[in-house]
Amino acid sequence: MQEERGRDIHFDVFDRVVAAQEWGKPGGRKVLAIHGWLDNSASFAPMTQHLDDVHFIALDTSGHGHSSHIAPGLAYNIWQDIGDIFAIADSLGWQEFNLIGHSRGAIIGALAAGTFPERILGLGLIDALAPGPLSAEDTPGQLARSILDVARRQDKATTIFSDVEAAIVARQKGLHTISSDAARLIVERGIKPVAGGYTWSSDPRLMSASALKLGQSQIEAFFDRISARCCLIAASEGLQKYIAKQEGLLTKIKDVEKHSFDGGHFLHMESRQKDIAKLMDAILG
């Protein structure tokens, strides 16, 4: 049993700070956790209550939570976090470890497991599987949108909330349904004080289009290389329909199981946190 709020830690990665929260102690099973888009490491706090014998480190990926933003003029691309993951693992002395990801973090985790398959023991994917593919003919337009988006959002003013409660209400109006308790965990780590109240600490450029995306054959090549024991969770009111369109990728993973649960996209923070923790526990090496 872990304390709900983790211990704050920081990593220096390529002249940037990557913030994280830590539960458990060295000597337990090694886990790096990667959150979803516009979330942060606090999204894993509820699930850690049901995991024992783990050294669990949940990252704030670049541009999120307490972590540094990337250099001016650049877009956020999903593969950039993969280098951070392995740099952090190296700094911890973790040659082999487990990855658990939610949403965008699950996609990052799958790609990471295909990049250095010999280093990933267990792979937990919560309500996402793979990035959406982009055709070759659509690639120039994707890059054009990204360049324009980044320029527009680089110094864009962000919304100011009078208090934390107002930010929580706004977060609950996001793309996916989320309870007030779960939203509070994410918001309290994802805002910063400014004149007049609070604003998001996340980088506005996270709303920009990626500069480049992978094609279908490239995505399949990553999944061909995954050797970790894998568990995929799909939420009935989350991304289950999207995941269903990608299920052919699961045939490329040698040791994989899929479970579907009733619940929303944040089910690992809400009604199914205990069930998901039990399934994740079973694959951790």
# chains A, B, ... in the order shown; residues from 1 in each chain; ligands from 1
call {"tool": "closest_atom_pairs", "arguments": {"of": "range 95-161 of chain A", "to": "range 251-275 of chain A", "cutoff": "10 Å", "atoms": "only C-alpha atoms", "output": "CSV"}}
result
residue,atom,partner,partner_atom,distance
A:His102,CA,A:His268,CA,8.5
A:Ser103,CA,A:His265,CA,8.1
A:Gly122,CA,A:Asp255,CA,9.9
A:Leu123,CA,A:Val256,CA,9.1
A:Gly124,CA,A:Val256,CA,9.8
A:Leu125,CA,A:Lys258,CA,9.4
A:Ile126,CA,A:His268,CA,7.7
A:Asp127,CA,A:His265,CA,6.5
A:Ala128,CA,A:His265,CA,9.4
call {"tool": "residues_around", "arguments": {"residues": "Gly24 in chain A", "least_positions_apart": "3", "cutoff": "10 Å", "atoms": "only C-alpha atoms", "output": "list in words"}}
result
Met1, Gln2, Glu3, Gly6, Arg7, Gly27, Gly28, Arg29, Lys30, Thr48, Leu51, Asp52, Asp53, Val54, His55, Phe56 and Ile57 of chain A
call {"tool": "closest_residue", "arguments": {"among": "A:Ala136, A:Gln80, A:Ala166, A:Gly238", "to": "Ile178 in chain A", "atoms": "only C-alpha atoms"}}
result
A:Gly238
call {"tool": "select_by_dssp", "arguments": {"residues": "range 48-229 of chain A", "states": "strand (DSSP E)", "output": "ChimeraX atom specification"}}
result
/A:54-59,97-102,120-126,191-194,197-200,229
call {"tool": "residues_around", "arguments": {"residues": "Gly248 in chain A", "least_positions_apart": "4", "cutoff": "12 Å", "atoms": "only C-alpha atoms", "output": "list of chain:residue names"}}
result
A:Leu129, A:Ala130, A:Gln216, A:Ile219, A:Glu220, A:Phe223, A:Asp224, A:Ile243, A:Ala244, A:Lys252, A:Ile253
call {"tool": "write_last_selection", "arguments": {"atoms": "N, CA and C atoms", "output": "mmCIF file, in the first residue's frame"}}
result
data_model
loop_
_atom_site.group_PDB
_atom_site.id
_atom_site.type_symbol
_atom_site.label_atom_id
_atom_site.label_comp_id
_atom_site.auth_asym_id
_atom_site.auth_seq_id
_atom_site.Cartn_x
_atom_site.Cartn_y
_atom_site.Cartn_z
ATOM 1 N N LEU A 129 -3.750 2.192 -27.668
ATOM 2 C CA LEU A 129 -2.865 1.153 -28.174
ATOM 3 C C LEU A 129 -1.765 1.708 -29.068
ATOM 4 N N ALA A 130 -2.145 2.441 -30.109
ATOM 5 C CA ALA A 130 -1.162 2.886 -31.097
ATOM 6 C C ALA A 130 -1.575 4.239 -31.662
ATOM 7 N N GLN A 216 1.329 3.502 -41.392
ATOM 8 C CA GLN A 216 0.879 2.213 -40.871
ATOM 9 C C GLN A 216 1.995 1.179 -40.841
ATOM 10 N N ILE A 219 4.274 1.849 -37.887
ATOM 11 C CA ILE A 219 3.656 1.454 -36.620
ATOM 12 C C ILE A 219 3.749 -0.059 -36.435
ATOM 13 N N GLU A 220 3.445 -0.803 -37.490
ATOM 14 C CA GLU A 220 3.513 -2.262 -37.414
ATOM 15 C C GLU A 220 4.930 -2.741 -37.109
ATOM 16 N N PHE A 223 5.468 -2.667 -33.395
ATOM 17 C CA PHE A 223 4.749 -3.739 -32.697
ATOM 18 C C PHE A 223 5.363 -5.106 -32.973
ATOM 19 N N ASP A 224 5.956 -5.282 -34.133
ATOM 20 C CA ASP A 224 6.652 -6.538 -34.435
ATOM 21 C C ASP A 224 7.792 -6.803 -33.455
ATOM 22 N N ILE A 243 -9.710 1.660 -30.310
ATOM 23 C CA ILE A 243 -8.805 0.529 -30.100
ATOM 24 C C ILE A 243 -9.216 -0.653 -30.975
ATOM 25 N N ALA A 244 -10.534 -0.879 -31.108
ATOM 26 C CA ALA A 244 -11.028 -2.011 -31.894
ATOM 27 C C ALA A 244 -10.534 -1.958 -33.337
ATOM 28 N N LYS A 252 0.706 -9.168 -33.311
ATOM 29 C CA LYS A 252 2.154 -9.063 -33.461
ATOM 30 C C LYS A 252 2.890 -9.208 -32.131
ATOM 31 N N ILE A 253 2.153 -9.110 -31.024
ATOM 32 C CA ILE A 253 2.760 -9.210 -29.696
ATOM 33 C C ILE A 253 2.639 -10.652 -29.216
#
call {"tool": "select_by_dssp", "arguments": {"residues": "range 55-190 of chain A", "states": "helix (DSSP H, G or I)", "output": "VMD selection string"}}
result
chain A and resid 80 to 92 104 to 115 117 to 119 136 to 153 164 to 171 180 to 190
call {"tool": "closest_residue", "arguments": {"among": "A:Gly132, A:Ile168, A:Gly190, A:Leu38", "to": "Tyr242 in chain A", "atoms": "only C-alpha atoms"}}
result
A:Gly132
call {"tool": "closest_atom_pairs", "arguments": {"of": "range 49-135 of chain A", "to": "range 198-214 of chain A", "cutoff": "12 Å", "atoms": "only C-alpha atoms", "output": "tab-separated table"}}
result
residue	atom	partner	partner_atom	distance
A:Asp60	CA	A:Ser202	CA	10.0
A:Thr61	CA	A:Ser202	CA	10.0
A:Ser62	CA	A:Asp203	CA	8.6
A:Gly63	CA	A:Asp203	CA	4.9
A:His64	CA	A:Ser202	CA	4.6
A:Gly65	CA	A:Ser202	CA	6.1
A:His66	CA	A:Ser201	CA	7.3
A:Ser67	CA	A:Ser202	CA	8.5
A:Ser68	CA	A:Asp203	CA	8.8
A:His69	CA	A:Asp203	CA	6.2
A:Ile70	CA	A:Asp203	CA	8.5
A:Ala71	CA	A:Arg205	CA	10.8
A:Pro72	CA	A:Arg205	CA	9.5
A:Gly73	CA	A:Arg205	CA	9.2
A:Leu74	CA	A:Arg205	CA	8.3
A:Ala75	CA	A:Ser210	CA	6.0
A:Tyr76	CA	A:Ser210	CA	6.0
A:Asn77	CA	A:Ser210	CA	5.2
A:Ile78	CA	A:Ser210	CA	7.8
A:Trp79	CA	A:Lys213	CA	9.3
A:Gln80	CA	A:Ser210	CA	10.9
A:Arg104	CA	A:Leu206	CA	11.9
A:Ile107	CA	A:Leu214	CA	12.0
A:Leu111	CA	A:Leu214	CA	10.7
A:Ala130	CA	A:Leu214	CA	10.1
A:Pro131	CA	A:Leu214	CA	7.6
A:Gly132	CA	A:Leu214	CA	7.9
A:Pro133	CA	A:Leu214	CA	5.6
A:Leu134	CA	A:Lys213	CA	5.8
A:Ser135	CA	A:Leu214	CA	8.2
call {"tool": "atom_distance", "arguments": {"atom1": "CA of Ala110 in chain A", "atom2": "CA of Ala33 in chain A"}}
result
12.0 Å
call {"tool": "atom_distance", "arguments": {"atom1": "CA of Ile233 in chain A", "atom2": "CA of Ile283 in chain A"}}
result
12.7 Å
